[in-house]
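The data block below is run.txt; it holds compact mmCIF, C-alpha atoms and all ligand atoms.
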```
# COMPACT_ATOMS: atom_id res chain seq x y z
CA MET O 73 -5.87 33.48 -43.95
CA ALA O 74 -4.75 30.19 -42.39
CA ILE O 75 -2.48 30.40 -39.34
CA ASP O 76 0.39 27.96 -38.89
CA VAL O 77 0.54 26.89 -35.23
CA LEU O 78 3.34 25.52 -33.06
CA ILE O 79 2.45 23.65 -29.87
CA VAL O 80 5.28 23.18 -27.37
CA GLY O 81 5.30 20.05 -25.21
CA SER O 82 5.17 16.28 -25.38
CA GLY O 83 2.38 15.19 -23.08
CA ALA O 84 -1.21 14.08 -23.55
CA ARG O 85 -2.21 17.67 -22.77
CA GLU O 86 -0.36 18.82 -25.89
CA HIS O 87 -1.80 15.95 -27.94
CA ALA O 88 -5.29 17.04 -26.85
CA LEU O 89 -4.52 20.67 -27.78
CA ALA O 90 -3.22 19.53 -31.17
CA TRP O 91 -6.32 17.37 -31.69
CA LYS O 92 -8.61 20.32 -30.98
CA ILE O 93 -6.60 22.95 -32.88
CA ALA O 94 -6.42 20.63 -35.92
CA GLN O 95 -10.23 20.94 -36.14
CA SER O 96 -10.11 24.72 -36.50
CA PRO O 97 -11.07 25.90 -39.99
CA ARG O 98 -8.47 28.65 -39.56
CA VAL O 99 -5.45 26.47 -38.86
CA GLY O 100 -2.81 25.95 -41.55
CA LYS O 101 0.16 23.75 -40.80
CA LEU O 102 0.43 22.35 -37.29
CA TYR O 103 3.74 21.58 -35.55
CA VAL O 104 4.42 20.07 -32.13
CA ALA O 105 7.84 20.37 -30.45
CA PRO O 106 8.96 17.83 -29.48
CA GLY O 107 5.61 15.97 -29.59
CA ASN O 108 5.11 12.24 -29.14
CA GLY O 109 3.95 9.12 -30.95
CA GLY O 110 0.38 10.44 -31.01
CA THR O 111 0.98 14.00 -32.20
CA ALA O 112 2.99 12.58 -35.13
CA ALA O 113 -0.30 11.46 -36.68
CA LEU O 114 -1.91 14.95 -36.59
CA ALA O 115 0.99 17.32 -36.89
CA GLU O 116 4.66 17.50 -37.77
CA ASN O 117 6.83 16.70 -34.75
CA VAL O 118 9.83 19.02 -34.44
CA PRO O 119 12.85 17.66 -32.52
CA ILE O 120 13.40 20.71 -30.29
CA GLY O 121 13.07 20.45 -26.50
CA VAL O 122 10.52 22.36 -24.44
CA MET O 123 13.21 24.43 -22.70
CA GLU O 124 15.20 25.33 -25.85
CA PHE O 125 13.46 28.70 -26.17
CA GLU O 126 15.89 30.34 -28.61
CA LYS O 127 15.83 27.32 -30.92
CA LEU O 128 12.05 27.21 -30.78
CA ALA O 129 11.85 30.94 -31.58
CA ALA O 130 14.28 30.52 -34.49
CA PHE O 131 12.12 27.68 -35.81
CA ALA O 132 8.96 29.80 -35.44
CA LYS O 133 10.59 32.62 -37.41
CA GLU O 134 11.89 30.34 -40.13
CA LYS O 135 8.49 28.67 -40.61
CA LYS O 136 6.54 31.95 -40.21
CA ILE O 137 4.47 30.43 -37.41
CA GLY O 138 1.47 32.66 -36.68
CA LEU O 139 0.81 31.42 -33.14
CA THR O 140 2.76 29.41 -30.56
CA ILE O 141 0.96 27.62 -27.71
CA PRO O 142 3.26 26.30 -24.96
CA GLY O 143 1.77 23.60 -22.71
CA PRO O 144 4.08 22.79 -19.78
CA ASP O 145 4.63 24.69 -16.54
CA ASP O 146 8.43 24.72 -16.75
CA ALA O 147 8.30 26.47 -20.15
CA PHE O 148 6.14 29.31 -18.78
CA VAL O 149 8.04 29.54 -15.50
CA GLY O 150 11.31 29.55 -17.46
CA GLY O 151 10.13 32.48 -19.61
CA ILE O 152 9.28 31.01 -23.03
CA VAL O 153 6.68 33.77 -23.56
CA ASP O 154 9.22 36.51 -22.79
CA VAL O 155 11.69 35.03 -25.29
CA PHE O 156 9.07 34.75 -28.05
CA LYS O 157 7.82 38.28 -27.36
CA ALA O 158 11.39 39.61 -27.49
CA HIS O 159 11.58 38.11 -31.00
CA LYS O 160 8.23 39.74 -31.88
CA LEU O 161 6.59 36.34 -32.25
CA ARG O 162 2.94 35.77 -31.44
CA VAL O 163 2.69 33.53 -28.39
CA TRP O 164 -0.02 32.64 -25.88
CA GLY O 165 0.31 32.41 -22.10
CA PRO O 166 1.80 34.08 -19.04
CA THR O 167 5.21 35.72 -18.89
CA LYS O 168 7.89 34.51 -16.48
CA GLU O 169 6.83 37.17 -13.98
CA ALA O 170 3.16 36.13 -14.13
CA ALA O 171 3.96 32.39 -14.03
CA GLN O 172 5.59 32.85 -10.62
CA ILE O 173 2.16 32.22 -9.19
CA GLU O 174 2.84 28.59 -10.11
CA GLY O 175 6.65 28.53 -10.02
CA SER O 176 7.02 29.65 -6.42
CA LYS O 177 4.71 28.33 -3.74
CA ALA O 178 6.28 30.90 -1.39
CA PHE O 179 5.16 33.69 -3.81
CA SER O 180 1.64 32.32 -4.21
CA LYS O 181 1.12 31.73 -0.51
CA GLN O 182 2.18 35.33 0.22
CA LEU O 183 -0.18 36.63 -2.45
CA MET O 184 -3.08 34.68 -0.93
CA ASP O 185 -2.16 35.83 2.56
CA GLU O 186 -2.12 39.51 1.54
CA SER O 187 -5.42 39.30 -0.33
CA LYS O 188 -7.22 37.06 2.19
CA ILE O 189 -7.77 34.35 -0.41
CA PRO O 190 -8.74 31.21 1.50
CA THR O 191 -5.89 28.70 1.70
CA ALA O 192 -4.24 26.37 4.20
CA LYS O 193 -2.29 27.99 7.06
CA PHE O 194 1.39 27.71 6.26
CA ALA O 195 4.99 28.53 7.08
CA VAL O 196 8.02 28.71 4.77
CA PHE O 197 11.45 27.36 5.75
CA THR O 198 14.87 27.39 4.14
CA ALA O 199 16.46 24.92 6.57
CA ALA O 200 15.45 21.45 7.76
CA ALA O 201 15.80 21.89 11.54
CA PRO O 202 13.25 24.71 12.03
CA ALA O 203 10.89 23.01 9.55
CA LEU O 204 11.05 19.85 11.67
CA ALA O 205 10.52 21.75 14.90
CA TYR O 206 7.43 23.43 13.38
CA VAL O 207 6.04 20.08 12.21
CA ARG O 208 6.54 18.59 15.70
CA ALA O 209 4.78 21.57 17.26
CA ARG O 210 1.79 21.45 14.84
CA GLY O 211 1.39 17.65 14.80
CA VAL O 212 -0.11 15.47 12.08
CA PRO O 213 -1.80 15.28 9.62
CA ILE O 214 0.35 17.89 7.89
CA VAL O 215 1.45 18.66 4.34
CA ILE O 216 5.03 19.29 3.25
CA LYS O 217 5.84 20.79 -0.14
CA ALA O 218 8.95 21.63 -2.09
CA SER O 219 8.45 25.31 -3.00
CA GLY O 220 9.55 25.06 -6.64
CA LEU O 221 8.33 22.97 -9.55
CA ALA O 222 8.60 19.24 -8.99
CA LEU O 223 6.40 17.68 -11.70
CA GLY O 224 3.52 17.40 -9.23
CA LYS O 225 5.62 15.09 -7.09
CA GLY O 226 6.98 17.55 -4.52
CA VAL O 227 3.97 17.33 -2.21
CA TYR O 228 3.87 14.97 0.77
CA VAL O 229 0.64 14.49 2.68
CA CYS O 230 1.88 13.08 6.00
CA THR O 231 -0.24 11.25 8.55
CA THR O 232 2.60 10.33 10.92
CA LEU O 233 5.56 12.31 12.29
CA GLU O 234 7.91 9.71 10.77
CA GLU O 235 6.48 10.40 7.30
CA ALA O 236 6.87 14.14 7.84
CA GLU O 237 10.49 13.75 8.94
CA LYS O 238 11.17 11.56 5.92
CA ALA O 239 9.58 14.16 3.60
CA ILE O 240 11.67 17.03 4.97
CA ASN O 241 14.72 14.83 4.67
CA GLU O 242 13.98 13.93 1.03
CA ILE O 243 13.28 17.54 0.05
CA MET O 244 15.94 19.43 2.01
CA ILE O 245 18.76 16.99 2.75
CA GLU O 246 18.67 14.39 -0.03
CA ARG O 247 17.45 17.07 -2.48
CA VAL O 248 15.44 14.60 -4.56
CA HIS O 249 13.63 17.55 -6.20
CA LYS O 250 16.94 19.45 -6.60
CA ASP O 251 16.58 23.26 -6.28
CA ALA O 252 12.79 23.03 -6.11
CA GLY O 253 13.45 21.94 -2.52
CA SER O 254 15.67 24.80 -1.38
CA GLU O 255 12.58 26.24 0.29
CA VAL O 256 9.94 24.11 1.92
CA VAL O 257 6.33 25.04 2.65
CA VAL O 258 4.71 23.30 5.60
CA GLU O 259 0.94 23.63 5.66
CA GLU O 260 -2.24 22.64 7.39
CA PHE O 261 -3.96 19.51 6.02
CA LEU O 262 -7.23 20.39 4.28
CA ASP O 263 -10.01 17.86 4.18
CA GLY O 264 -12.63 17.63 1.45
CA PRO O 265 -13.08 16.81 -2.22
CA GLU O 266 -10.75 18.40 -4.74
CA LEU O 267 -11.65 20.60 -7.73
CA SER O 268 -9.64 21.95 -10.65
CA ILE O 269 -10.70 25.43 -11.76
CA HIS O 270 -9.62 26.82 -15.14
CA ALA O 271 -10.04 30.50 -16.00
CA LEU O 272 -8.80 31.79 -19.35
CA THR O 273 -7.94 35.47 -19.20
CA ASP O 274 -6.59 38.31 -21.33
CA GLY O 275 -5.51 40.21 -18.22
CA SER O 276 -8.89 41.87 -17.85
CA ALA O 277 -11.88 39.71 -18.87
CA TYR O 278 -11.94 35.98 -18.19
CA VAL O 279 -13.87 32.84 -19.06
CA LEU O 280 -14.51 30.32 -16.30
CA PHE O 281 -14.45 26.75 -17.61
CA PRO O 282 -16.72 24.05 -16.16
CA PRO O 283 -15.33 22.42 -13.01
CA SER O 284 -13.13 19.37 -13.44
CA GLN O 285 -11.54 16.96 -11.00
CA ASP O 286 -8.19 15.24 -11.13
CA HIS O 287 -7.05 12.27 -9.01
CA LYS O 288 -3.48 12.96 -7.96
CA ALA O 289 -2.57 9.91 -5.89
CA ALA O 290 -1.04 6.95 -7.72
CA LEU O 291 -3.31 4.25 -6.31
CA ASP O 292 -7.03 3.54 -5.88
CA GLY O 293 -8.66 5.09 -2.82
CA ASP O 294 -6.25 8.07 -3.05
CA GLU O 295 -3.44 5.91 -1.67
CA GLY O 296 0.20 6.06 -2.63
CA LYS O 297 2.43 8.91 -3.74
CA ASN O 298 1.26 12.02 -5.55
CA THR O 299 1.62 11.99 -9.33
CA GLY O 300 1.10 14.55 -12.09
CA GLY O 301 -2.52 13.27 -12.21
CA MET O 302 -4.06 9.84 -12.87
CA GLY O 303 -7.49 10.73 -14.24
CA THR O 304 -10.08 13.46 -14.65
CA ILE O 305 -13.79 14.04 -15.04
CA ALA O 306 -15.69 17.13 -16.21
CA PRO O 307 -18.01 18.66 -15.42
CA VAL O 308 -18.09 17.59 -11.77
CA PRO O 309 -21.77 16.87 -11.09
CA TRP O 310 -21.80 18.02 -7.46
CA ALA O 311 -19.97 21.30 -8.16
CA LYS O 312 -23.26 23.13 -8.68
CA PRO O 313 -23.55 26.71 -9.99
CA GLU O 314 -23.72 28.11 -6.43
CA ILE O 315 -20.42 26.41 -5.56
CA MET O 316 -18.82 27.72 -8.75
CA ALA O 317 -20.16 31.21 -8.00
CA SER O 318 -18.60 31.16 -4.54
CA ILE O 319 -15.28 30.00 -6.02
CA ASP O 320 -15.50 32.80 -8.56
CA VAL O 321 -16.08 35.44 -5.87
CA LYS O 322 -13.73 34.09 -3.18
CA VAL O 323 -10.86 32.84 -5.33
CA VAL O 324 -10.84 33.74 -9.03
CA VAL O 325 -11.70 37.44 -8.87
CA PRO O 326 -9.46 38.23 -5.84
CA THR O 327 -6.54 36.38 -7.46
CA PHE O 328 -6.78 38.47 -10.62
CA GLU O 329 -7.13 41.60 -8.43
CA ALA O 330 -4.09 40.62 -6.36
CA LEU O 331 -2.00 40.14 -9.50
CA LYS O 332 -3.14 43.52 -10.86
CA LYS O 333 -2.32 45.19 -7.53
CA ARG O 334 1.21 43.87 -7.86
CA GLY O 335 1.37 45.27 -11.37
CA VAL O 336 1.58 41.79 -12.88
CA LEU O 337 -0.23 41.32 -16.21
CA PHE O 338 -1.46 37.73 -16.31
CA GLN O 339 -2.66 36.52 -19.71
CA GLY O 340 -3.34 32.85 -20.31
CA LEU O 341 -4.80 30.17 -18.13
CA LEU O 342 -5.06 30.45 -14.38
CA PHE O 343 -5.73 27.06 -12.84
CA PRO O 344 -6.29 27.08 -9.08
CA GLY O 345 -6.41 23.63 -7.50
CA LEU O 346 -8.93 23.71 -4.64
CA LYS O 347 -10.33 21.70 -1.79
CA LEU O 348 -13.94 22.20 -0.85
CA THR O 349 -13.73 22.16 2.93
CA LEU O 350 -16.50 22.56 5.47
CA ASP O 351 -15.42 26.23 5.65
CA GLY O 352 -15.79 26.70 1.89
CA PRO O 353 -13.31 26.51 -1.00
CA LYS O 354 -9.60 26.76 -0.15
CA VAL O 355 -6.75 27.03 -2.64
CA LEU O 356 -4.19 24.21 -2.62
CA GLU O 357 -2.03 25.74 -5.32
CA TYR O 358 -2.10 27.82 -8.48
CA ASN O 359 -1.03 26.69 -11.90
CA ALA O 360 -0.42 29.05 -14.79
CA ARG O 361 -1.40 26.68 -17.61
CA PHE O 362 -3.81 23.90 -18.52
CA GLY O 363 -3.82 20.93 -16.20
CA ASP O 364 -2.77 17.55 -17.54
CA PRO O 365 -5.09 15.51 -17.62
CA GLU O 366 -7.63 18.35 -17.13
CA CYS O 367 -6.89 19.71 -20.62
CA GLN O 368 -7.90 16.40 -22.20
CA VAL O 369 -11.45 16.53 -20.79
CA TYR O 370 -11.78 20.23 -21.62
CA MET O 371 -10.76 19.72 -25.23
CA ARG O 372 -13.31 16.89 -25.52
CA LEU O 373 -16.09 19.13 -24.20
CA LEU O 374 -15.26 22.48 -25.81
CA LYS O 375 -17.42 23.22 -28.84
CA THR O 376 -16.01 26.68 -29.62
CA ASP O 377 -12.93 26.94 -31.85
CA VAL O 378 -10.09 26.97 -29.33
CA LEU O 379 -7.98 29.15 -31.65
CA ASP O 380 -10.55 31.93 -31.19
CA LEU O 381 -10.07 31.68 -27.43
CA PHE O 382 -6.27 31.67 -27.57
CA GLU O 383 -6.27 34.69 -29.87
CA ALA O 384 -8.78 36.61 -27.75
CA SER O 385 -6.59 35.94 -24.70
CA ILE O 386 -3.60 37.46 -26.51
CA ASP O 387 -5.48 40.35 -28.14
CA CYS O 388 -7.45 41.40 -25.03
CA THR O 389 -10.76 40.75 -26.77
CA LEU O 390 -12.11 38.07 -24.43
CA ASP O 391 -14.85 40.36 -23.21
CA ALA O 392 -16.44 40.21 -26.66
CA VAL O 393 -16.31 36.42 -27.01
CA ARG O 394 -16.68 35.15 -23.45
CA HIS O 395 -20.48 34.92 -23.59
CA SER O 396 -20.43 32.88 -26.77
CA VAL O 397 -18.12 30.09 -25.53
CA GLU O 398 -19.95 26.80 -26.03
CA TRP O 399 -19.47 23.42 -24.38
CA ASN O 400 -20.86 20.12 -25.60
CA ARG O 401 -23.55 18.58 -23.46
CA GLY O 402 -22.75 15.56 -21.34
CA PHE O 403 -19.56 14.54 -19.59
CA ALA O 404 -15.97 13.65 -20.34
CA ALA O 405 -13.68 11.26 -18.47
CA ASN O 406 -9.99 10.62 -18.92
CA ILE O 407 -8.05 7.65 -17.54
CA VAL O 408 -4.26 7.82 -17.45
CA ILE O 409 -2.38 4.61 -18.18
CA ALA O 410 1.06 4.80 -16.56
CA SER O 411 4.20 2.69 -16.54
CA GLY O 412 4.51 0.27 -13.61
CA GLY O 413 6.29 2.05 -10.74
CA TYR O 414 5.37 5.63 -11.76
CA PRO O 415 5.74 8.19 -10.08
CA GLU O 416 8.84 6.47 -8.74
CA GLU O 417 11.28 4.52 -10.90
CA TYR O 418 9.85 2.81 -13.95
CA LYS O 419 11.05 1.10 -17.11
CA THR O 420 10.29 2.19 -20.69
CA GLY O 421 10.68 0.62 -24.12
CA PHE O 422 7.77 -1.85 -24.00
CA PRO O 423 5.58 -2.37 -27.08
CA ILE O 424 2.01 -1.06 -26.75
CA THR O 425 -0.89 -2.97 -28.30
CA GLY O 426 -4.64 -2.52 -28.55
CA ILE O 427 -4.85 1.21 -29.32
CA ASP O 428 -6.89 0.66 -32.50
CA GLU O 429 -9.37 -1.52 -30.60
CA ALA O 430 -9.59 1.11 -27.86
CA ARG O 431 -10.23 3.85 -30.41
CA ASN O 432 -13.16 1.87 -31.82
CA VAL O 433 -15.09 2.20 -28.56
CA GLU O 434 -17.81 4.82 -29.04
CA GLY O 435 -16.89 8.31 -27.82
CA VAL O 436 -13.25 7.42 -27.18
CA ILE O 437 -10.11 9.30 -28.21
CA VAL O 438 -6.73 8.02 -27.03
CA PHE O 439 -4.23 10.81 -26.36
CA HIS O 440 -0.55 9.92 -26.12
CA ALA O 441 1.98 11.10 -23.54
CA GLY O 442 5.07 8.92 -23.05
CA THR O 443 5.02 7.07 -26.37
CA ARG O 444 7.28 6.94 -29.38
CA LEU O 445 7.24 5.17 -32.72
CA GLU O 446 10.05 2.70 -33.38
CA ASN O 447 9.86 1.16 -36.88
CA ASP O 448 6.09 1.64 -36.89
CA GLN O 449 5.71 -0.04 -33.49
CA LEU O 450 4.42 2.16 -30.68
CA MET O 451 6.63 1.88 -27.57
CA THR O 452 6.36 3.23 -24.02
CA ALA O 453 8.68 6.17 -23.42
CA GLY O 454 7.60 7.83 -20.16
CA GLY O 455 5.82 7.62 -16.80
CA ARG O 456 2.35 8.63 -17.92
CA VAL O 457 1.98 6.77 -21.22
CA LEU O 458 -1.57 7.27 -22.51
CA SER O 459 -4.64 9.35 -21.67
CA VAL O 460 -7.78 7.45 -22.65
CA SER O 461 -10.63 9.95 -22.92
CA ALA O 462 -14.32 9.39 -23.53
CA VAL O 463 -17.45 11.49 -23.73
CA GLY O 464 -20.94 10.31 -22.81
CA GLY O 465 -24.41 11.57 -21.99
CA SER O 466 -23.89 10.84 -18.31
CA LEU O 467 -20.74 10.69 -16.22
CA LYS O 468 -21.25 6.94 -15.89
CA ASP O 469 -21.46 6.52 -19.69
CA ALA O 470 -18.25 8.49 -20.14
CA LEU O 471 -16.43 6.46 -17.46
CA ASP O 472 -17.75 3.11 -18.75
CA ARG O 473 -16.59 3.91 -22.27
CA ALA O 474 -13.18 5.09 -21.12
CA TYR O 475 -12.64 1.98 -18.98
CA GLU O 476 -13.85 -0.32 -21.76
CA ALA O 477 -11.19 1.23 -24.00
CA VAL O 478 -8.52 1.06 -21.29
CA GLY O 479 -9.20 -2.70 -21.01
CA LYS O 480 -8.16 -3.19 -24.64
CA ILE O 481 -4.72 -1.63 -24.23
CA HIS O 482 -1.70 -3.65 -23.11
CA PHE O 483 1.96 -3.18 -22.34
CA GLU O 484 4.24 -4.76 -19.77
CA GLY O 485 3.65 -3.52 -16.23
CA LEU O 486 0.91 -1.01 -17.11
CA HIS O 487 -0.88 0.67 -14.26
CA PHE O 488 -4.06 2.76 -13.99
CA ARG O 489 -6.55 3.71 -11.32
CA ARG O 490 -9.85 1.84 -11.38
CA ASP O 491 -11.78 4.40 -9.32
CA ILE O 492 -11.60 7.62 -11.36
CA GLY O 493 -14.83 9.60 -10.86
CA GLN O 494 -16.31 6.91 -8.57
CA LYS O 495 -17.02 9.32 -5.72
CA SER O 496 -18.91 11.64 -8.06
CA LEU O 497 -21.32 8.95 -9.33
CA GLY O 498 -24.74 8.74 -7.76
P1 LIG O 501 -0.34 20.62 -5.12
O1 LIG O 501 0.72 20.27 -6.12
O2 LIG O 501 0.04 21.67 -4.14
O3 LIG O 501 -1.71 20.81 -5.74
O4 LIG O 501 -0.54 19.29 -4.29
C1 LIG O 501 -0.75 18.07 -4.90
C2 LIG O 501 -1.84 17.33 -4.19
O5 LIG O 501 -1.51 17.11 -2.82
C3 LIG O 501 -3.14 18.08 -4.16
O6 LIG O 501 -3.85 17.92 -5.35
C4 LIG O 501 -3.81 17.45 -2.97
O7 LIG O 501 -4.38 16.20 -3.29
C5 LIG O 501 -2.67 17.21 -2.02
N1 LIG O 501 -2.53 18.36 -1.12
C6 LIG O 501 -1.75 19.44 -1.31
N2 LIG O 501 -1.87 20.33 -0.30
C7 LIG O 501 -2.75 19.79 0.57
C8 LIG O 501 -3.30 20.22 1.83
N3 LIG O 501 -2.94 21.36 2.42
N4 LIG O 501 -4.19 19.41 2.43
C9 LIG O 501 -4.55 18.24 1.87
N5 LIG O 501 -4.06 17.77 0.70
C10 LIG O 501 -3.17 18.52 0.05
N1 LIG O 502 -3.42 17.68 -13.18
C1 LIG O 502 -2.80 18.59 -12.35
C2 LIG O 502 -1.78 19.42 -12.97
O1 LIG O 502 -1.65 19.47 -14.17
O2 LIG O 502 -1.06 20.08 -12.24
```

Taking this structure as input, can you express it in the form of structure tokens?
Amino acid sequence: MAIDVLIVGSGAREHALAWKIAQSPRVGKLYVAPGNGGTAALAENVPIGVMEFEKLAAFAKEKKIGLTIPGPDDAFVGGIVDVFKAHKLRVWGPTKEAAQIEGSKAFSKQLMDESKIPTAKFAVFTAAAPALAYVRARGVPIVIKASGLALGKGVYVCTTLEEAEKAINEIMIERVHKDAGSEVVVEEFLDGPELSIHALTDGSAYVLFPPSQDHKAALDGDEGKNTGGMGTIAPVPWAKPEIMASIDVKVVVPTFEALKKRGVLFQGLLFPGLKLTLDGPKVLEYNARFGDPECQVYMRLLKTDVLDLFEASIDCTLDAVRHSVEWNRGFAANIVIASGGYPEEYKTGFPITGIDEARNVEGVIVFHAGTRLENDQLMTAGGRVLSVSAVGGSLKDALDRAYEAVGKIHFEGLHFRRDIGQKSLG
């Protein structure tokens, strides 16, 4: 019997999930709440916000939705899964308790500390003065983070004391991240290339996805402020099986063990962000959901019906399917096109042109994030506007195709990084 599915979110991650789920032979009607200009073409957009859990649950009941897939971190951290479960609705992902591993950096750092999971040395502060004193004592480079959720923008990598003082000031005094900054984590700077690890679990068995890599800084050469992510590649050619095995043993397994020891049932996607340092892999942070734009490259590469995976994660049957998960050969790349100024202030409401031309490039799918349709004209409506994804036989093919497509798209002030995946070529 066909299952009607509701996806919750409005980013390119959710567009990519919708694109993949729409290909399942088992899917019936597909809804996205609230969706965007891209999801409107594949699914019915429902004008209910990501955080309106009771309204979403009422909608799911009314439409007899068979499965709800939330995308964004704030929905999980806010307890969307708990609300749906309380209404006896079938929903995928971690509960509020389990999503703390992402929602509170103080919680996740303590968990890593207790279980000896490699991570940066750190201290947690609830006031600015002792945080500053600690920073002065440790010296630079140093990393300062708002403890709560801050759309990927609450992290400050500081190379001078002035920058560090400014960061503490923004987080704790000016409160630019609001309550996310009531606690601040100050941690050791880790050097090395970054990796995104995705492990889908049912609370017992898990499936480790191929390694992917995001590029968090706004500008080429990893300069500028941190963003939600400006571009991804997968798989990462240098993250060889031995590296993945060591990450599995040193990070993934002990994290699941540590959650179990605390009596926390984690079902859904665990996404540790890592740095590969000279001392081995170290965890930068945990996420309790798909990355955005990591999800886009995964959906392009996954051959298996993703509905089977979501259902196995809910029904605790992953052990039976995990060996049959198939990935397409080759590579995927995803370039984010953002509004000028993002992640700081930016303007919206500009017409977007060239998407059809971009889509005609071989191997390319354009996922939408901050877009909306206004009298049939696509307009910009957010910071990250489009995710241009491509697959290819080699990483270079995938990147060349994605950039060729990016070159065909225009709107006023657009901005993208020109060096996604560069360091992994050759
Ligand atoms: P997070 O949200 O904690 O993953 O941090 C966002 C980005 O900031 C990461 O993807 C890294 O690029 C950078 N970052 C965070 N923590 C550190 C650290 N301890 N050392 C170096 N870079 C970091
Ligand atoms: N791309 C990183 C994240 O979704 O947090």

query: Which distance in Å separates CA of His270 (chain O) and CA of Ala474 (chain O), to one decimal?
result: 22.8 Å

field: Exercise: region 244-257 of chain O partners within 7 Å, all atoms listed in the file, chain neighbours under 4 positions left out, as a count of residues only
entry: 15

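Comparing O:Phe343, O:Tyr206, O:Tyr475, O:Tyr278 by their smallest distance to ligand LIG 501 (chain O), the closest is O:Phe343 (using only C-alpha atoms and all ligand atoms).
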
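Across the model, the gap from atom O2 of ligand LIG 502 (chain O) to CA of Gly442 (chain O) is 16.7 Å.
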
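Using only C-alpha atoms, the shortest contact distance between Ala84 (chain O) and any of O:Cys367, O:Leu379, O:Cys230, O:Ile319 is found at O:Cys367.
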
Selection: 12 Å around Lys157 (chain O), all atoms listed in the file, excl. self and same-chain fewer than 5 positions, as a ChimeraX atom specification: /O:125-126,129,132-133,139-140,151-152,162-168,386

Write out the residues from the selection above, keeping C-alpha atoms, as a PDB file, keeping the file's coordinate frame.
```pdb
ATOM      1  CA  PHE O 125      13.460  28.700 -26.170  1.00  0.00           C
ATOM      2  CA  GLU O 126      15.890  30.340 -28.610  1.00  0.00           C
ATOM      3  CA  ALA O 129      11.850  30.940 -31.580  1.00  0.00           C
ATOM      4  CA  ALA O 132       8.960  29.800 -35.440  1.00  0.00           C
ATOM      5  CA  LYS O 133      10.590  32.620 -37.410  1.00  0.00           C
ATOM      6  CA  LEU O 139       0.810  31.420 -33.140  1.00  0.00           C
ATOM      7  CA  THR O 140       2.760  29.410 -30.560  1.00  0.00           C
ATOM      8  CA  GLY O 151      10.130  32.480 -19.610  1.00  0.00           C
ATOM      9  CA  ILE O 152       9.280  31.010 -23.030  1.00  0.00           C
ATOM     10  CA  ARG O 162       2.940  35.770 -31.440  1.00  0.00           C
ATOM     11  CA  VAL O 163       2.690  33.530 -28.390  1.00  0.00           C
ATOM     12  CA  TRP O 164      -0.020  32.640 -25.880  1.00  0.00           C
ATOM     13  CA  GLY O 165       0.310  32.410 -22.100  1.00  0.00           C
ATOM     14  CA  PRO O 166       1.800  34.080 -19.040  1.00  0.00           C
ATOM     15  CA  THR O 167       5.210  35.720 -18.890  1.00  0.00           C
ATOM     16  CA  LYS O 168       7.890  34.510 -16.480  1.00  0.00           C
ATOM     17  CA  ILE O 386      -3.600  37.460 -26.510  1.00  0.00           C
TER      18      ILE O 386
END
```

Test item: axis-aligned box, all listed atoms of region 456-464 of chain O, 8 Å on each side, centre and edges in Å rounded to one decimal, as AutoDock Vina command-line options:
```
--center_x -9.3 --center_y 9.1 --center_z -20.8 --size_x 39.3 --size_y 20.7 --size_z 21.8
```

query: Quick one: residues within 9 Å of ligand LIG 501 (chain O), with only C-alpha atoms and all ligand atoms, as an MDAnalysis selection string?
result: chainID O and resid 177 191:194 213:217 221:229 258:268 286:289 294 298:301 344:347 354:359

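Using all atoms listed in the file, the shortest contact distance between Val325 (chain O) and any of O:Ala384, O:Ile407, O:Leu280, O:Leu291 is found at O:Leu280.
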
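When all atoms listed in the file are used to compute distances to Asp351 (chain O), the closest of the residues O:Glu416, O:Leu445, O:Ser318, O:Glu234 turns out to be O:Ser318.
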
field: Selection near Arg456 (chain O), 10 Å with all atoms listed in the file, sequence-local residues under 5 positions removed, as a PyMOL selection string
entry: chain O and resi 83-84+299-302+408-412+414-415+440-443+486-488

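Comparing O:Val397, O:Leu373, O:Ala236, O:Leu342 by their smallest distance to ligand LIG 502 (chain O), the closest is O:Leu342 (using only C-alpha atoms and all ligand atoms).
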